[in-house]
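Visitor: Dropping in coords.pdb, with PDB, C-alpha atoms.
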ATOM      1  CA  MET J 105     -65.714  27.946 -20.392
ATOM      2  CA  SER J 106     -62.044  27.423 -21.154
ATOM      3  CA  GLY J 107     -59.645  25.069 -19.385
ATOM      4  CA  PRO J 108     -57.883  21.732 -19.794
ATOM      5  CA  LEU J 109     -61.194  19.839 -19.571
ATOM      6  CA  ALA J 110     -63.170  22.158 -21.873
ATOM      7  CA  GLY J 111     -65.500  20.154 -24.075
ATOM      8  CA  LYS J 112     -65.343  17.091 -21.824
ATOM      9  CA  ARG J 113     -68.379  15.652 -20.058
ATOM     10  CA  VAL J 114     -67.623  14.689 -16.470
ATOM     11  CA  LEU J 115     -69.951  12.616 -14.297
ATOM     12  CA  VAL J 116     -69.450  12.690 -10.522
ATOM     13  CA  THR J 117     -71.339  10.787  -7.829
ATOM     14  CA  ALA J 118     -71.305  12.167  -4.291
ATOM     15  CA  GLY J 119     -72.850  11.573  -0.886
ATOM     16  CA  GLY J 120     -74.196   8.492   0.837
ATOM     17  CA  THR J 121     -77.202   6.431  -0.183
ATOM     18  CA  ARG J 122     -80.060   5.654   2.200
ATOM     19  CA  GLU J 123     -81.872   2.346   1.869
ATOM     20  CA  PRO J 124     -85.396   2.516   3.359
ATOM     21  CA  LEU J 125     -86.488   0.177   6.141
ATOM     22  CA  ASP J 126     -89.939   1.717   6.462
ATOM     23  CA  ALA J 127     -91.572   5.087   5.855
ATOM     24  CA  VAL J 128     -89.158   6.957   8.152
ATOM     25  CA  ARG J 129     -86.131   4.721   8.888
ATOM     26  CA  TYR J 130     -83.233   3.798   6.661
ATOM     27  CA  ILE J 131     -79.805   2.147   6.494
ATOM     28  CA  GLY J 132     -77.167   4.709   5.589
ATOM     29  CA  ASN J 133     -73.610   5.858   6.138
ATOM     30  CA  ARG J 134     -71.650   8.901   7.291
ATOM     31  CA  SER J 135     -70.674  10.313   3.905
ATOM     32  CA  SER J 136     -71.463  14.024   3.553
ATOM     33  CA  GLY J 137     -70.541  14.234  -0.130
ATOM     34  CA  ARG J 138     -67.762  16.780   0.428
ATOM     35  CA  MET J 139     -65.217  14.836  -1.641
ATOM     36  CA  GLY J 140     -67.534  14.388  -4.593
ATOM     37  CA  VAL J 141     -68.664  18.015  -4.460
ATOM     38  CA  ALA J 142     -65.008  19.116  -4.438
ATOM     39  CA  LEU J 143     -64.363  16.956  -7.499
ATOM     40  CA  ALA J 144     -67.362  18.411  -9.317
ATOM     41  CA  ALA J 145     -66.256  21.956  -8.508
ATOM     42  CA  GLU J 146     -62.685  21.311  -9.649
ATOM     43  CA  ALA J 147     -63.799  19.637 -12.884
ATOM     44  CA  ARG J 148     -66.041  22.604 -13.629
ATOM     45  CA  ARG J 149     -63.188  25.024 -12.836
ATOM     46  CA  ARG J 150     -61.138  23.180 -15.471
ATOM     47  CA  GLY J 151     -63.837  23.781 -18.073
ATOM     48  CA  ALA J 152     -65.771  20.492 -18.079
ATOM     49  CA  ASP J 153     -69.509  20.105 -18.456
ATOM     50  CA  VAL J 154     -70.296  18.462 -15.113
ATOM     51  CA  THR J 155     -73.207  16.364 -13.924
ATOM     52  CA  LEU J 156     -73.339  15.636 -10.190
ATOM     53  CA  ILE J 157     -75.383  12.643  -9.068
ATOM     54  CA  ALA J 158     -76.209  13.638  -5.501
ATOM     55  CA  SER J 159     -77.087  11.163  -2.754
ATOM     56  CA  ASN J 160     -78.338  12.955   0.375
ATOM     57  CA  LEU J 161     -75.639  15.632   0.375
ATOM     58  CA  GLY J 162     -74.678  17.267   3.653
ATOM     59  CA  VAL J 163     -73.079  20.191   1.806
ATOM     60  CA  ALA J 164     -74.262  22.454  -0.988
ATOM     61  CA  PRO J 165     -73.466  21.416  -4.564
ATOM     62  CA  PRO J 166     -71.197  23.712  -6.589
ATOM     63  CA  ASP J 167     -72.616  26.350  -8.895
ATOM     64  CA  ASP J 168     -72.976  25.833 -12.632
ATOM     65  CA  VAL J 169     -73.211  22.028 -12.623
ATOM     66  CA  GLU J 170     -76.195  19.822 -13.371
ATOM     67  CA  VAL J 171     -77.449  18.168 -10.168
ATOM     68  CA  VAL J 172     -79.423  14.916 -10.298
ATOM     69  CA  GLN J 173     -80.883  13.568  -7.057
ATOM     70  CA  ALA J 174     -80.282   9.859  -6.377
ATOM     71  CA  PRO J 175     -81.122   8.978  -2.753
ATOM     72  CA  THR J 176     -80.799   5.175  -2.996
ATOM     73  CA  ALA J 177     -78.313   2.742  -4.514
ATOM     74  CA  ALA J 178     -80.898   1.814  -7.154
ATOM     75  CA  ASP J 179     -81.252   5.490  -8.057
ATOM     76  CA  VAL J 180     -77.482   5.857  -8.439
ATOM     77  CA  GLU J 181     -77.441   2.800 -10.694
ATOM     78  CA  THR J 182     -80.224   4.215 -12.866
ATOM     79  CA  GLU J 183     -78.821   7.735 -13.168
ATOM     80  CA  ALA J 184     -75.192   6.695 -13.661
ATOM     81  CA  SER J 185     -76.122   4.097 -16.273
ATOM     82  CA  ALA J 186     -78.119   6.693 -18.187
ATOM     83  CA  ARG J 187     -74.992   8.886 -18.385
ATOM     84  CA  SER J 188     -72.354   6.176 -18.766
ATOM     85  CA  ASP J 189     -71.091   7.689 -22.021
ATOM     86  CA  ALA J 190     -69.403  10.584 -20.184
ATOM     87  CA  ASP J 191     -65.736  11.218 -20.973
ATOM     88  CA  VAL J 192     -64.796  10.981 -17.293
ATOM     89  CA  VAL J 193     -66.687   9.193 -14.519
ATOM     90  CA  LEU J 194     -65.729   9.778 -10.865
ATOM     91  CA  MET J 195     -67.626   7.436  -8.558
ATOM     92  CA  ALA J 196     -67.039   9.177  -5.229
ATOM     93  CA  ALA J 197     -70.401   8.391  -3.595
ATOM     94  CA  ALA J 198     -70.621   5.917  -0.726
ATOM     95  CA  VAL J 199     -73.163   3.593  -2.319
ATOM     96  CA  SER J 200     -74.627   1.023   0.055
ATOM     97  CA  ASP J 201     -73.486  -2.548  -0.575
ATOM     98  CA  TYR J 202     -76.716  -3.899   0.953
ATOM     99  CA  ARG J 203     -80.371  -2.911   1.228
ATOM    100  CA  PRO J 204     -83.320  -4.392   3.149
ATOM    101  CA  ALA J 205     -84.870  -7.322   1.300
ATOM    102  CA  GLU J 206     -88.293  -5.989   2.324
ATOM    103  CA  THR J 207     -89.392  -2.419   3.022
ATOM    104  CA  GLU J 208     -92.499  -1.537   5.010
ATOM    105  CA  ALA J 209     -94.687   1.148   3.423
ATOM    106  CA  ALA J 210     -95.744   2.626   6.761
ATOM    107  CA  LYS J 211     -93.749   3.371   9.890
ATOM    108  CA  ARG J 212     -93.188   0.195  11.887
ATOM    109  CA  PRO J 213     -94.629   0.694  15.398
ATOM    110  CA  LYS J 214     -92.187   0.401  18.277
ATOM    111  CA  ASP J 215     -92.686  -2.647  20.458
ATOM    112  CA  GLU J 216     -90.615  -4.911  22.685
ATOM    113  CA  LYS J 217     -89.956  -7.499  20.008
ATOM    114  CA  ALA J 218     -86.680  -7.813  18.130
ATOM    115  CA  TRP J 219     -86.770  -6.495  14.571
ATOM    116  CA  LYS J 220     -84.901  -8.938  12.379
ATOM    117  CA  ILE J 221     -83.855  -7.484   9.039
ATOM    118  CA  GLU J 222     -82.648  -9.455   6.042
ATOM    119  CA  LEU J 223     -80.258  -7.591   3.770
ATOM    120  CA  GLU J 224     -79.635  -8.277   0.094
ATOM    121  CA  PRO J 225     -76.726  -7.030  -2.022
ATOM    122  CA  THR J 226     -77.165  -3.997  -4.243
ATOM    123  CA  THR J 227     -75.815  -3.815  -7.776
ATOM    124  CA  ASP J 228     -72.104  -2.986  -7.988
ATOM    125  CA  VAL J 229     -72.489   0.181 -10.060
ATOM    126  CA  LEU J 230     -68.758   0.754 -10.532
ATOM    127  CA  LYS J 231     -68.201  -2.787 -11.772
ATOM    128  CA  THR J 232     -71.140  -2.473 -14.153
ATOM    129  CA  LEU J 233     -69.747   0.753 -15.590
ATOM    130  CA  GLY J 234     -66.333  -0.888 -15.949
ATOM    131  CA  GLU J 235     -67.838  -3.724 -17.963
ATOM    132  CA  ARG J 236     -69.662  -1.284 -20.262
ATOM    133  CA  ARG J 237     -67.006   1.431 -20.591
ATOM    134  CA  ARG J 238     -66.188   2.774 -24.017
ATOM    135  CA  ASN J 239     -62.749   3.370 -25.490
ATOM    136  CA  GLY J 240     -61.118   6.541 -24.240
ATOM    137  CA  GLN J 241     -63.299   6.912 -21.169
ATOM    138  CA  VAL J 242     -61.537   7.551 -17.852
ATOM    139  CA  LEU J 243     -63.199   5.704 -14.984
ATOM    140  CA  VAL J 244     -62.298   6.393 -11.353
ATOM    141  CA  GLY J 245     -63.453   4.416  -8.329
ATOM    142  CA  PHE J 246     -63.071   5.086  -4.618
ATOM    143  CA  ALA J 247     -62.193   2.617  -1.868
ATOM    144  CA  ALA J 248     -63.218   3.681   1.627
ATOM    145  CA  GLU J 249     -61.536   1.032   3.765
ATOM    146  CA  THR J 250     -60.747   0.374   7.421
ATOM    147  CA  GLY J 251     -58.052  -1.583   9.193
ATOM    148  CA  ASP J 252     -55.100  -3.612   8.008
ATOM    149  CA  GLY J 253     -55.190  -4.679   4.409
ATOM    150  CA  GLY J 254     -57.285  -1.742   3.237
ATOM    151  CA  LEU J 255     -54.770  -0.563   0.663
ATOM    152  CA  GLU J 256     -54.300  -4.102  -0.623
ATOM    153  CA  ARG J 257     -58.065  -4.426  -1.059
ATOM    154  CA  ALA J 258     -58.044  -1.150  -2.985
ATOM    155  CA  ARG J 259     -55.329  -2.523  -5.269
ATOM    156  CA  ASP J 260     -57.429  -5.615  -5.919
ATOM    157  CA  LYS J 261     -60.365  -3.434  -6.964
ATOM    158  CA  LEU J 262     -58.382  -1.812  -9.761
ATOM    159  CA  ALA J 263     -58.511  -4.896 -11.970
ATOM    160  CA  ALA J 264     -61.746  -6.319 -10.574
ATOM    161  CA  LYS J 265     -63.695  -3.173 -11.431
ATOM    162  CA  GLN J 266     -61.836  -2.518 -14.739
ATOM    163  CA  VAL J 267     -61.083   1.097 -13.870
ATOM    164  CA  ASP J 268     -58.192   3.486 -14.500
ATOM    165  CA  LEU J 269     -57.803   4.730 -10.935
ATOM    166  CA  ILE J 270     -58.841   3.692  -7.453
ATOM    167  CA  VAL J 271     -58.669   6.380  -4.773
ATOM    168  CA  TYR J 272     -58.042   4.755  -1.397
ATOM    169  CA  ASN J 273     -58.656   6.394   1.955
ATOM    170  CA  ASP J 274     -58.807   5.044   5.500
ATOM    171  CA  VAL J 275     -62.207   5.982   6.903
ATOM    172  CA  SER J 276     -61.388   4.585  10.345
ATOM    173  CA  ARG J 277     -59.479   7.808  11.032
ATOM    174  CA  GLU J 278     -61.415  10.651  12.628
ATOM    175  CA  ASP J 279     -59.329  13.447  11.068
ATOM    176  CA  VAL J 280     -59.851  12.520   7.406
ATOM    177  CA  GLY J 281     -62.442  10.812   5.231
ATOM    178  CA  PHE J 282     -66.134  10.769   6.073
ATOM    179  CA  ASP J 283     -67.712  14.084   7.059
ATOM    180  CA  THR J 284     -64.429  15.990   7.487
ATOM    181  CA  GLU J 285     -62.919  18.977   5.688
ATOM    182  CA  GLU J 286     -59.691  17.122   4.841
ATOM    183  CA  ASN J 287     -58.637  13.859   3.324
ATOM    184  CA  GLU J 288     -55.510  11.783   2.756
ATOM    185  CA  VAL J 289     -55.469   9.307  -0.102
ATOM    186  CA  VAL J 290     -53.461   6.916  -2.221
ATOM    187  CA  ILE J 291     -54.271   7.053  -5.932
ATOM    188  CA  VAL J 292     -53.771   3.544  -7.287
ATOM    189  CA  SER J 293     -53.257   2.835 -10.995
ATOM    190  CA  ALA J 294     -51.702   0.155 -13.173
ATOM    191  CA  GLN J 295     -48.693   2.450 -13.545
ATOM    192  CA  GLY J 296     -48.072   2.820  -9.821
ATOM    193  CA  GLU J 297     -49.312   4.641  -6.747
ATOM    194  CA  ARG J 298     -49.364   8.300  -5.734
ATOM    195  CA  ARG J 299     -49.736   9.202  -2.091
ATOM    196  CA  VAL J 300     -51.408  12.527  -1.457
ATOM    197  CA  ALA J 301     -50.728  13.889   2.015
ATOM    198  CA  LYS J 302     -53.453  15.201   4.299
ATOM    199  CA  ALA J 303     -54.962  18.327   2.762
ATOM    200  CA  PRO J 304     -58.287  20.087   2.229
ATOM    201  CA  LYS J 305     -60.569  18.088  -0.033
ATOM    202  CA  ALA J 306     -60.341  20.756  -2.741
ATOM    203  CA  GLU J 307     -56.619  20.030  -2.989
ATOM    204  CA  ILE J 308     -57.221  16.277  -3.002
ATOM    205  CA  ALA J 309     -59.723  16.779  -5.825
ATOM    206  CA  ALA J 310     -57.134  18.731  -7.821
ATOM    207  CA  ALA J 311     -54.583  15.919  -7.401
ATOM    208  CA  ILE J 312     -57.101  13.332  -8.583
ATOM    209  CA  LEU J 313     -58.068  15.386 -11.629
ATOM    210  CA  ASP J 314     -54.378  15.892 -12.466
ATOM    211  CA  GLU J 315     -54.161  12.104 -12.751
ATOM    212  CA  VAL J 316     -57.326  12.032 -14.845
ATOM    213  CA  GLU J 317     -55.961  14.646 -17.247
ATOM    214  CA  ASP J 318     -52.841  12.553 -17.771
ATOM    215  CA  ARG J 319     -55.070   9.722 -19.021
ATOM    216  CA  ILE J 320     -57.305  11.686 -21.405
TER
END
The structure in this file should be written as structure tokens.
Guide:
Amino acid sequence: MSGPLAGKRVLVTAGGTREPLDAVRYIGNRSSGRMGVALAAEARRRGADVTLIASNLGVAPPDDVEVVQAPTAADVETEASARSDADVVLMAAAVSDYRPAETEAAKRPKDEKAWKIELEPTTDVLKTLGERRRNGQVLVGFAAETGDGGLERARDKLAAKQVDLIVYNDVSREDVGFDTEENEVVIVSAQGERRVAKAPKAEIAAAILDEVEDRI
């Protein structure tokens, strides 16, 4: 397949992880995976060989890409690490920052007692990839933030995670972000910031990959 990314291997993570509490319950988030799926589709359209690490997608993956299921944060860590030599890595999945310290094998019966749950941090997959990245690789992280200071926190992540780009979006808004057809982002880099106005996620994906191409 021809295109500006022909011959490049692109790794995309998409969706939201689910961290089991017991046999039927989990801690999760609202991510549908639409943004990551749009990125995978756009990268494939530009000729790349694409692997999509899928965490509980609420939408269908694009055609003609390799799909690897990764329902938990630990699964994302394993699958992304195994493919960390990709030319471009786009970490669009909403990977849980915490998981239950203990998981019950069976369904916990309902009773009148409080269920106290201890949470432990998961591995920061993006930071790990940043520490291991090879020369020439383009690494992109995403910052789903809420409230005042969200963009500033996204800027801080750029250096902390050792990445080329951080894509910031405000997930407190109901019209963009999680589980919507559109998004509005700021693409943060060491060279400056690019604001991308509210648009369908396919168009947002194209803007992000334009920035990636400039860095290959």
Visitor: On this structure, which residues satisfy the PyMOL selection byres ((chain J and resi 245) around 6), written as a compact mmCIF listing (two decimals) with C-alpha atoms, in the frame of the given file?
Guide:
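Full text of expr-v6.txt as output:
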# COMPACT_ATOMS: atom_id res chain seq x y z
CA MET J 195 -67.63 7.44 -8.56
CA VAL J 244 -62.30 6.39 -11.35
CA PHE J 246 -63.07 5.09 -4.62
CA ILE J 270 -58.84 3.69 -7.45
Visitor: Given the file shown, enumerate the residues that the PyMOL selection byres ((chain J and resi 105-113) around 12) captures and present them as a PyMOL selection string.
Guide: chain J and resi 114-116+144+146-156+168-170+187-194+240-242+313-314+316-320
Visitor: Once the PyMOL selection byres ((chain J and resi 176-181) around 8) has been evaluated on this model, what residues remain selected, and can you format them as a PyMOL selection string?
Guide: chain J and resi 117+121-123+157+159+174-175+182-185+199-200+226-227+229
Visitor: If you measure from atom CA of J:Ala186 to atom CA of J:Tyr272, what distance in Å do you get, rounded to one decimal?
Guide: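 Separation of atom CA of J:Ala186 and atom CA of J:Tyr272: 26.2 Å.
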Visitor: In file coordinates, which residues lie within 10 Å of (-52.6, 14.5, -0.7) using all atoms listed in the file, given as a PyMOL selection string?
Guide: chain J and resi 286-291+298-305+307-312
Visitor: Atom CA of J:Val163 and atom CA of J:Leu230, how far apart in Å?
Guide: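 Separation between atom CA of J:Leu230 and atom CA of J:Val163: 23.4 Å.
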Visitor: Could you check how far atom CA of J:Lys261 sits from atom CA of J:Glu206, in Å to one decimal?
Guide: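 Between atom CA of J:Lys261 and atom CA of J:Glu206 the gap is 29.5 Å.
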Visitor: Tell me which of J:Val271, J:Ala142, J:Pro204, J:Gly162 sits closest to J:Gly119, counting all atoms listed in the file.
Guide: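 Of the candidates, the smallest distance to J:Gly119 is held by J:Gly162.
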Visitor: Please write a file for stretch 244-275 of chain J, taken from the block I just shared, that holds C-alpha atoms and is laid out as a CSV table (one decimal), in the first residue's frame.
Guide:
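Result written to decode.csv:
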chain,number,residue,atom,x,y,z
J,244,VAL,CA,2.8,10.2,21.1
J,245,GLY,CA,1.0,10.4,24.4
J,246,PHE,CA,-2.5,11.6,25.3
J,247,ALA,CA,-3.6,13.7,28.2
J,248,ALA,CA,-7.3,13.4,29.1
J,249,GLU,CA,-7.7,16.1,31.7
J,250,THR,CA,-10.5,18.0,33.6
J,251,GLY,CA,-10.7,21.4,35.1
J,252,ASP,CA,-8.3,24.3,35.4
J,253,GLY,CA,-4.7,23.5,34.9
J,254,GLY,CA,-5.3,20.6,32.5
J,255,LEU,CA,-3.3,22.0,29.7
J,256,GLU,CA,-0.4,22.9,32.0
J,257,ARG,CA,-0.4,19.3,33.3
J,258,ALA,CA,-0.3,18.1,29.7
J,259,ARG,CA,2.7,20.3,29.1
J,260,ASP,CA,4.4,18.8,32.1
J,261,LYS,CA,3.9,15.3,30.7
J,262,LEU,CA,5.9,16.1,27.5
J,263,ALA,CA,9.2,16.1,29.3
J,264,ALA,CA,8.2,13.7,32.1
J,265,LYS,CA,7.2,11.0,29.7
J,266,GLN,CA,10.0,11.7,27.2
J,267,VAL,CA,7.7,11.9,24.2
J,268,ASP,CA,7.5,13.9,21.0
J,269,LEU,CA,3.9,14.9,21.3
J,270,ILE,CA,1.2,15.1,23.9
J,271,VAL,CA,-2.4,15.4,22.7
J,272,TYR,CA,-4.5,17.2,25.3
J,273,ASN,CA,-8.3,17.2,25.5
J,274,ASP,CA,-10.7,18.3,28.2
J,275,VAL,CA,-12.9,15.3,29.0
